[in-house]
file target.cif (mmCIF, C-alpha atoms)
data_input
#
loop_
_atom_site.group_PDB
_atom_site.id
_atom_site.type_symbol
_atom_site.label_atom_id
_atom_site.label_comp_id
_atom_site.auth_asym_id
_atom_site.auth_seq_id
_atom_site.Cartn_x
_atom_site.Cartn_y
_atom_site.Cartn_z
ATOM 1 C CA MET A 1 0.000 0.000 0.000
ATOM 2 C CA THR A 2 1.192 3.478 -0.791
ATOM 3 C CA VAL A 3 1.154 6.279 1.754
ATOM 4 C CA LYS A 4 -1.603 7.998 -0.239
ATOM 5 C CA LYS A 5 -3.792 4.912 -0.155
ATOM 6 C CA ILE A 6 -3.210 4.384 3.573
ATOM 7 C CA THR A 7 -4.100 8.020 4.225
ATOM 8 C CA LEU A 8 -7.262 7.831 2.145
ATOM 9 C CA LEU A 9 -8.240 4.543 3.796
ATOM 10 C CA ALA A 10 -7.723 6.147 7.208
ATOM 11 C CA LEU A 11 -10.055 8.973 6.157
ATOM 12 C CA PHE A 12 -12.638 6.442 5.005
ATOM 13 C CA ILE A 13 -12.372 4.530 8.297
ATOM 14 C CA SER A 14 -12.715 7.747 10.306
ATOM 15 C CA PHE A 15 -15.752 8.817 8.310
ATOM 16 C CA ALA A 16 -17.380 5.377 8.683
ATOM 17 C CA ALA A 17 -16.684 5.333 12.431
ATOM 18 C CA ALA A 18 -18.123 8.832 12.790
ATOM 19 C CA LEU A 19 -21.275 7.765 10.933
ATOM 20 C CA SER A 20 -21.600 4.651 13.111
ATOM 21 C CA ALA A 21 -21.051 6.625 16.311
ATOM 22 C CA LEU A 22 -23.484 9.321 15.223
ATOM 23 C CA GLU A 23 -26.100 6.690 14.505
ATOM 24 C CA THR A 24 -25.603 5.252 17.989
ATOM 25 C CA LEU A 25 -26.020 8.655 19.598
ATOM 26 C CA LEU A 26 -29.170 9.603 17.675
ATOM 27 C CA PRO A 27 -32.574 8.674 19.052
ATOM 28 C CA PRO A 28 -33.757 5.272 17.777
ATOM 29 C CA ILE A 29 -35.898 5.163 14.652
ATOM 30 C CA VAL A 30 -38.123 2.473 16.155
ATOM 31 C CA PRO A 31 -38.550 1.514 19.824
ATOM 32 C CA ILE A 32 -36.799 -1.854 19.416
ATOM 33 C CA PRO A 33 -33.224 -2.058 20.747
ATOM 34 C CA GLY A 34 -30.543 -2.881 18.202
ATOM 35 C CA ILE A 35 -32.277 -1.648 15.062
ATOM 36 C CA ARG A 36 -30.096 0.777 13.155
ATOM 37 C CA VAL A 37 -29.740 1.797 9.528
ATOM 38 C CA GLY A 38 -26.027 0.934 9.275
ATOM 39 C CA LEU A 39 -24.687 4.220 7.977
ATOM 40 C CA GLY A 40 -21.079 3.049 8.341
ATOM 41 C CA ASN A 41 -21.714 0.459 5.631
ATOM 42 C CA ILE A 42 -22.011 3.272 3.086
ATOM 43 C CA VAL A 43 -18.233 3.606 3.238
ATOM 44 C CA THR A 44 -17.672 -0.149 2.931
ATOM 45 C CA LEU A 45 -19.935 -0.243 -0.121
ATOM 46 C CA PHE A 46 -18.140 2.767 -1.592
ATOM 47 C CA ILE A 47 -14.778 1.026 -1.235
ATOM 48 C CA LEU A 48 -16.120 -2.193 -2.769
ATOM 49 C CA TYR A 49 -17.527 -0.360 -5.789
ATOM 50 C CA ALA A 50 -14.924 2.403 -6.243
ATOM 51 C CA GLY A 51 -12.739 0.245 -8.463
ATOM 52 C CA GLY A 52 -9.180 1.048 -9.439
ATOM 53 C CA CYS A 53 -6.713 0.272 -6.679
ATOM 54 C CA TRP A 54 -9.441 -0.557 -4.121
ATOM 55 C CA LYS A 55 -9.741 -4.265 -3.353
ATOM 56 C CA VAL A 56 -11.940 -6.420 -1.128
ATOM 57 C CA TYR A 57 -9.339 -6.560 1.646
ATOM 58 C CA ASP A 58 -9.461 -2.737 1.833
ATOM 59 C CA ALA A 59 -13.185 -3.002 2.559
ATOM 60 C CA TYR A 60 -12.475 -5.610 5.275
ATOM 61 C CA ILE A 61 -9.873 -3.342 6.862
ATOM 62 C CA ALA A 62 -12.351 -0.446 6.843
ATOM 63 C CA ALA A 63 -15.190 -2.562 8.249
ATOM 64 C CA VAL A 64 -13.133 -4.045 11.087
ATOM 65 C CA LEU A 65 -11.331 -0.879 12.129
ATOM 66 C CA ARG A 66 -14.552 1.118 11.904
ATOM 67 C CA CYS A 67 -16.127 -1.168 14.513
ATOM 68 C CA PHE A 68 -13.270 -0.677 16.959
ATOM 69 C CA LEU A 69 -13.054 3.067 16.399
ATOM 70 C CA ALA A 70 -16.819 3.533 16.765
ATOM 71 C CA ALA A 71 -16.723 1.477 19.986
ATOM 72 C CA LEU A 72 -13.969 3.732 21.316
ATOM 73 C CA ILE A 73 -16.021 6.811 20.450
ATOM 74 C CA THR A 74 -19.216 5.522 22.054
ATOM 75 C CA GLY A 75 -17.531 3.638 24.898
ATOM 76 C CA SER A 76 -19.364 0.401 24.160
ATOM 77 C CA PHE A 77 -17.126 -2.672 23.974
ATOM 78 C CA LEU A 78 -20.124 -4.946 23.439
ATOM 79 C CA SER A 79 -21.120 -3.040 20.313
ATOM 80 C CA ALA A 80 -17.598 -3.667 18.974
ATOM 81 C CA VAL A 81 -18.117 -7.421 19.375
ATOM 82 C CA TYR A 82 -21.506 -7.334 17.649
ATOM 83 C CA GLY A 83 -20.232 -4.966 14.978
ATOM 84 C CA LEU A 84 -17.094 -6.969 14.300
ATOM 85 C CA VAL A 85 -18.878 -10.270 13.704
ATOM 86 C CA GLY A 86 -21.666 -8.595 11.752
ATOM 87 C CA GLY A 87 -19.236 -6.401 9.820
ATOM 88 C CA VAL A 88 -17.034 -9.282 8.673
ATOM 89 C CA LEU A 89 -20.054 -11.328 7.553
ATOM 90 C CA ALA A 90 -21.600 -8.279 5.870
ATOM 91 C CA CYS A 91 -18.387 -7.458 4.018
ATOM 92 C CA THR A 92 -18.111 -11.062 2.856
ATOM 93 C CA ALA A 93 -21.711 -11.068 1.615
ATOM 94 C CA MET A 94 -21.318 -7.699 -0.139
ATOM 95 C CA ALA A 95 -18.089 -8.784 -1.837
ATOM 96 C CA ALA A 96 -19.775 -11.994 -3.007
ATOM 97 C CA ALA A 97 -22.870 -10.137 -4.214
ATOM 98 C CA ARG A 98 -20.721 -7.635 -6.089
ATOM 99 C CA THR A 99 -19.091 -10.430 -8.069
ATOM 100 C CA ILE A 100 -22.401 -12.168 -8.803
ATOM 101 C CA PHE A 101 -24.163 -9.127 -10.294
ATOM 102 C CA PRO A 102 -23.457 -8.181 -13.948
ATOM 103 C CA LYS A 103 -20.402 -5.997 -14.525
ATOM 104 C CA ASN A 104 -19.540 -2.950 -16.652
ATOM 105 C CA PRO A 105 -16.728 -4.263 -18.862
ATOM 106 C CA GLU A 106 -16.231 -1.014 -20.803
ATOM 107 C CA SER A 107 -16.297 1.337 -17.844
ATOM 108 C CA GLU A 108 -13.681 2.438 -15.313
ATOM 109 C CA GLN A 109 -16.416 1.489 -12.866
ATOM 110 C CA LYS A 110 -15.918 -2.283 -13.214
ATOM 111 C CA TYR A 111 -18.894 -3.155 -11.030
ATOM 112 C CA ASN A 112 -22.335 -1.872 -11.979
ATOM 113 C CA THR A 113 -23.528 0.579 -9.319
ATOM 114 C CA ILE A 114 -27.193 -0.033 -10.186
ATOM 115 C CA PHE A 115 -26.918 -3.168 -8.019
ATOM 116 C CA LEU A 116 -25.624 -1.298 -4.958
ATOM 117 C CA PRO A 117 -29.009 -1.341 -3.140
ATOM 118 C CA PHE A 118 -29.175 -5.127 -3.528
ATOM 119 C CA THR A 119 -25.562 -5.473 -2.414
ATOM 120 C CA GLY A 120 -26.415 -3.311 0.610
ATOM 121 C CA ILE A 121 -29.372 -5.558 1.432
ATOM 122 C CA CYS A 122 -27.156 -8.671 1.231
ATOM 123 C CA GLY A 123 -24.672 -7.048 3.577
ATOM 124 C CA ALA A 124 -27.349 -5.912 6.024
ATOM 125 C CA VAL A 125 -28.986 -9.340 6.162
ATOM 126 C CA PHE A 126 -25.661 -11.033 6.873
ATOM 127 C CA HIS A 127 -24.792 -8.327 9.400
ATOM 128 C CA ILE A 128 -28.006 -9.176 11.262
ATOM 129 C CA ALA A 129 -27.178 -12.891 11.016
ATOM 130 C CA GLY A 130 -23.781 -12.229 12.594
ATOM 131 C CA GLN A 131 -25.308 -10.160 15.350
ATOM 132 C CA MET A 132 -27.943 -12.800 16.082
ATOM 133 C CA LEU A 133 -25.273 -15.506 16.302
ATOM 134 C CA THR A 134 -23.224 -13.284 18.609
ATOM 135 C CA ALA A 135 -26.270 -12.631 20.809
ATOM 136 C CA MET A 136 -26.949 -16.381 21.006
ATOM 137 C CA VAL A 137 -23.384 -16.958 22.210
ATOM 138 C CA ILE A 138 -23.345 -14.037 24.657
ATOM 139 C CA TYR A 139 -26.745 -14.748 26.182
ATOM 140 C CA GLY A 140 -26.521 -18.531 25.834
ATOM 141 C CA SER A 141 -30.049 -18.691 24.496
ATOM 142 C CA LYS A 142 -31.697 -19.353 21.168
ATOM 143 C CA TYR A 143 -34.664 -17.204 22.196
ATOM 144 C CA VAL A 144 -32.954 -14.116 20.816
ATOM 145 C CA LEU A 145 -33.923 -15.508 17.404
ATOM 146 C CA ALA A 146 -37.482 -14.361 18.123
ATOM 147 C CA TYR A 147 -36.337 -10.908 16.972
ATOM 148 C CA THR A 148 -35.195 -12.252 13.588
ATOM 149 C CA PRO A 149 -38.255 -11.235 11.490
ATOM 150 C CA VAL A 150 -38.146 -7.663 12.779
ATOM 151 C CA PHE A 151 -34.379 -7.428 12.311
ATOM 152 C CA LEU A 152 -34.593 -8.866 8.790
ATOM 153 C CA ALA A 153 -37.244 -6.333 7.809
ATOM 154 C CA SER A 154 -35.086 -3.523 9.165
ATOM 155 C CA ALA A 155 -32.038 -4.996 7.361
ATOM 156 C CA ILE A 156 -33.829 -4.913 4.030
ATOM 157 C CA ILE A 157 -34.863 -1.297 4.506
ATOM 158 C CA GLY A 158 -31.520 -0.171 5.963
ATOM 159 C CA GLY A 159 -29.464 -2.109 3.422
ATOM 160 C CA ALA A 160 -31.389 -0.637 0.507
ATOM 161 C CA PHE A 161 -30.943 2.840 1.997
ATOM 162 C CA THR A 162 -27.185 2.489 2.501
ATOM 163 C CA GLY A 163 -26.824 1.008 -0.986
ATOM 164 C CA ILE A 164 -28.723 3.898 -2.523
ATOM 165 C CA CYS A 165 -26.583 6.377 -0.566
ATOM 166 C CA ALA A 166 -23.356 4.721 -1.778
ATOM 167 C CA MET A 167 -24.680 4.638 -5.339
ATOM 168 C CA LEU A 168 -25.555 8.336 -5.242
ATOM 169 C CA ILE A 169 -22.159 9.243 -3.796
ATOM 170 C CA ILE A 170 -20.335 7.335 -6.528
ATOM 171 C CA LYS A 171 -22.548 8.793 -9.265
ATOM 172 C CA LYS A 172 -22.567 12.373 -7.954
ATOM 173 C CA LEU A 173 -18.897 12.763 -7.075
ATOM 174 C CA PRO A 174 -17.082 14.646 -9.847
ATOM 175 C CA LYS A 175 -15.512 12.232 -12.328
ATOM 176 C CA LYS A 176 -12.097 13.781 -11.767
ATOM 177 C CA LEU A 177 -12.322 13.171 -8.012
ATOM 178 C CA MET A 178 -13.542 9.568 -8.495
ATOM 179 C CA LYS A 179 -10.627 8.971 -10.855
ATOM 180 C CA GLN A 180 -8.226 10.330 -8.237
ATOM 181 C CA ILE A 181 -9.794 8.115 -5.556
ATOM 182 C CA ARG A 182 -9.534 5.066 -7.833
ATOM 183 C CA ASN A 183 -5.879 5.844 -8.484
ATOM 184 C CA GLN A 184 -5.100 6.769 -4.824
ATOM 185 C CA MET A 185 -5.115 10.472 -5.582
#
call {"tool": "encode", "arguments": {"input": "target.cif", "output": "structure tokens"}}
result
Amino acid sequence: MTVKKITLLALFISFAAALSALETLLPPIVPIPGIRVGLGNIVTLFILYAGGCWKVYDAYIAAVLRCFLAALITGSFLSAVYGLVGGVLACTAMAAARTIFPKNPESEQKYNTIFLPFTGICGAVFHIAGQMLTAMVIYGSKYVLAYTPVFLASAIIGGAFTGICAMLIIKKLPKKLMKQIRNQM
């Protein structure tokens, strides 16, 4: 990795952690604990779809470090555990979904951004799966699975939202800036 890429990745991680921490500090959207939109995943999706020098392992680095940094900001170690398991599974699902969807062979944007909402949904669903598995281990009970339908519904909505946000960012950023990001500035 070049110094420019490390610096840009650090900015991405900081931005993702700030979004995650902000989301934690905001009042809940619904009165059910644990339901969040997943704003930090916008950055992970952006990295996965940016193209150029950005690879899947960069998205993993951002997802993992974002969880720890957000936990430091909010002071919640338990959220780091949930976020880490969910984040790794989500990143894996999003990377797999990205490769399954049709590509743009003639574009600098190798992966077609029109599929970003669906990629976001895949990531959100697997993030919830990781969090549910973590809750089962922490609480030693399978009864936490009773929340699964509600969490899956929120994952579909939140994943589509984060995917749309990432798609709009990629499409609306000036082409010159996107080219610089792809080539590490």
call {"tool": "atom_distance", "arguments": {"input": "target.cif", "atom1": "CA of Val85 in chain A", "atom2": "CA of Thr134 in chain A"}}
result
7.2 Å
call {"tool": "closest_atom_pairs", "arguments": {"input": "target.cif", "of": "range 138-175 of chain A", "to": "range 23-42 of chain A", "cutoff": "12 Å", "atoms": "only C-alpha atoms", "output": "Markdown table"}}
result
| residue | atom | partner | partner_atom | distance |
| --- | --- | --- | --- | --- |
| A:Val144 | CA | A:Gly34 | CA | 11.8 |
| A:Tyr147 | CA | A:Ile32 | CA | 9.4 |
| A:Thr148 | CA | A:Ile35 | CA | 11.1 |
| A:Pro149 | CA | A:Ile35 | CA | 11.8 |
| A:Val150 | CA | A:Ile35 | CA | 8.7 |
| A:Phe151 | CA | A:Ile35 | CA | 6.7 |
| A:Leu152 | CA | A:Ile35 | CA | 9.8 |
| A:Ala153 | CA | A:Ile35 | CA | 10.0 |
| A:Ser154 | CA | A:Ile35 | CA | 6.8 |
| A:Ala155 | CA | A:Val37 | CA | 7.5 |
| A:Ile156 | CA | A:Val37 | CA | 9.6 |
| A:Ile157 | CA | A:Val37 | CA | 7.8 |
| A:Gly158 | CA | A:Val37 | CA | 4.4 |
| A:Gly159 | CA | A:Val37 | CA | 7.3 |
| A:Ala160 | CA | A:Val37 | CA | 9.5 |
| A:Phe161 | CA | A:Val37 | CA | 7.7 |
| A:Thr162 | CA | A:Ile42 | CA | 5.3 |
| A:Gly163 | CA | A:Ile42 | CA | 6.7 |
| A:Ile164 | CA | A:Ile42 | CA | 8.8 |
| A:Cys165 | CA | A:Ile42 | CA | 6.6 |
| A:Ala166 | CA | A:Ile42 | CA | 5.3 |
| A:Met167 | CA | A:Ile42 | CA | 8.9 |
| A:Leu168 | CA | A:Ile42 | CA | 10.4 |
| A:Ile169 | CA | A:Ile42 | CA | 9.1 |
| A:Ile170 | CA | A:Ile42 | CA | 10.6 |
call {"tool": "residues_around", "arguments": {"input": "target.cif", "residues": "Gly86 in chain A", "least_positions_apart": "2", "cutoff": "6 Å", "atoms": "all atoms listed in the file", "output": "list in words"}}
result
Gly83, Leu84, Val88, Leu89, Ala90, His127, Gly130 and Gln131 of chain A
call {"tool": "closest_residue", "arguments": {"input": "target.cif", "among": "A:Gly140, A:Pro174, A:Gly123, A:Gly75", "to": "Leu48 in chain A", "atoms": "only C-alpha atoms"}}
result
A:Gly123
call {"tool": "closest_residue", "arguments": {"input": "target.cif", "among": "A:Met132, A:Leu45, A:Ile100, A:Ala10", "to": "Ala146 in chain A", "atoms": "all atoms listed in the file"}}
result
A:Met132
call {"tool": "residues_around", "arguments": {"input": "target.cif", "residues": "Val43 in chain A", "least_positions_apart": "6", "cutoff": "10 Å", "atoms": "all atoms listed in the file", "output": "MDAnalysis selection string"}}
result
chainID A and resid 12:17 19 49 59 62:63 66 162:163 165:166 169
call {"tool": "axis_aligned_box", "arguments": {"input": "target.cif", "around": "range 32-48 of chain A", "padding_each_side": "3 Å", "output": "lines of an AutoDock Vina configuration file"}}
result
center_x = -25.8
center_y = 0.7
center_z = 9.0
size_x = 28.0
size_y = 13.1
size_z = 29.5
call {"tool": "residues_around", "arguments": {"input": "target.cif", "residues": "Val56 in chain A", "least_positions_apart": "3", "cutoff": "10 Å", "atoms": "only C-alpha atoms", "output": "number ranges by chain"}}
result
A: 44, 47-49, 51, 59-62, 91-92, 94-96
call {"tool": "residues_around", "arguments": {"input": "target.cif", "residues": "Gln184 in chain A", "least_positions_apart": "3", "cutoff": "10 Å", "atoms": "only C-alpha atoms", "output": "CSV table (one decimal) with C-alpha atoms, in the frame of the given file"}}
result
chain,number,residue,atom,x,y,z
A,1,MET,CA,0.0,0.0,0.0
A,2,THR,CA,1.2,3.5,-0.8
A,3,VAL,CA,1.2,6.3,1.8
A,4,LYS,CA,-1.6,8.0,-0.2
A,5,LYS,CA,-3.8,4.9,-0.2
A,6,ILE,CA,-3.2,4.4,3.6
A,7,THR,CA,-4.1,8.0,4.2
A,8,LEU,CA,-7.3,7.8,2.1
A,9,LEU,CA,-8.2,4.5,3.8
A,52,GLY,CA,-9.2,1.0,-9.4
A,53,CYS,CA,-6.7,0.3,-6.7
A,54,TRP,CA,-9.4,-0.6,-4.1
A,178,MET,CA,-13.5,9.6,-8.5
A,179,LYS,CA,-10.6,9.0,-10.9
A,180,GLN,CA,-8.2,10.3,-8.2
A,181,ILE,CA,-9.8,8.1,-5.6
call {"tool": "residues_around", "arguments": {"input": "target.cif", "residues": "Ala71 in chain A", "least_positions_apart": "5", "cutoff": "6 Å", "atoms": "all atoms listed in the file", "output": "ChimeraX atom specification"}}
result
/A:76-77,80
call {"tool": "write_last_selection", "arguments": {"input": "target.cif", "atoms": "C-alpha atoms", "output": "PDB file, in the coordinates of the input"}}
result
ATOM      1  CA  SER A  76     -19.364   0.401  24.160  1.00  0.00           C
ATOM      2  CA  PHE A  77     -17.126  -2.672  23.974  1.00  0.00           C
ATOM      3  CA  ALA A  80     -17.598  -3.667  18.974  1.00  0.00           C
TER       4      ALA A  80
END
call {"tool": "decode", "arguments": {"input": "target.cif", "residues": "range 38-58 of chain A", "atoms": "C-alpha atoms", "output": "tab-separated table (two decimals), in the first residue's frame"}}
result
chain	number	residue	atom	x	y	z
A	38	GLY	CA	-26.03	0.93	9.28
A	39	LEU	CA	-24.69	4.22	7.98
A	40	GLY	CA	-21.08	3.05	8.34
A	41	ASN	CA	-21.71	0.46	5.63
A	42	ILE	CA	-22.01	3.27	3.09
A	43	VAL	CA	-18.23	3.61	3.24
A	44	THR	CA	-17.67	-0.15	2.93
A	45	LEU	CA	-19.94	-0.24	-0.12
A	46	PHE	CA	-18.14	2.77	-1.59
A	47	ILE	CA	-14.78	1.03	-1.23
A	48	LEU	CA	-16.12	-2.19	-2.77
A	49	TYR	CA	-17.53	-0.36	-5.79
A	50	ALA	CA	-14.92	2.40	-6.24
A	51	GLY	CA	-12.74	0.24	-8.46
A	52	GLY	CA	-9.18	1.05	-9.44
A	53	CYS	CA	-6.71	0.27	-6.68
A	54	TRP	CA	-9.44	-0.56	-4.12
A	55	LYS	CA	-9.74	-4.26	-3.35
A	56	VAL	CA	-11.94	-6.42	-1.13
A	57	TYR	CA	-9.34	-6.56	1.65
A	58	ASP	CA	-9.46	-2.74	1.83
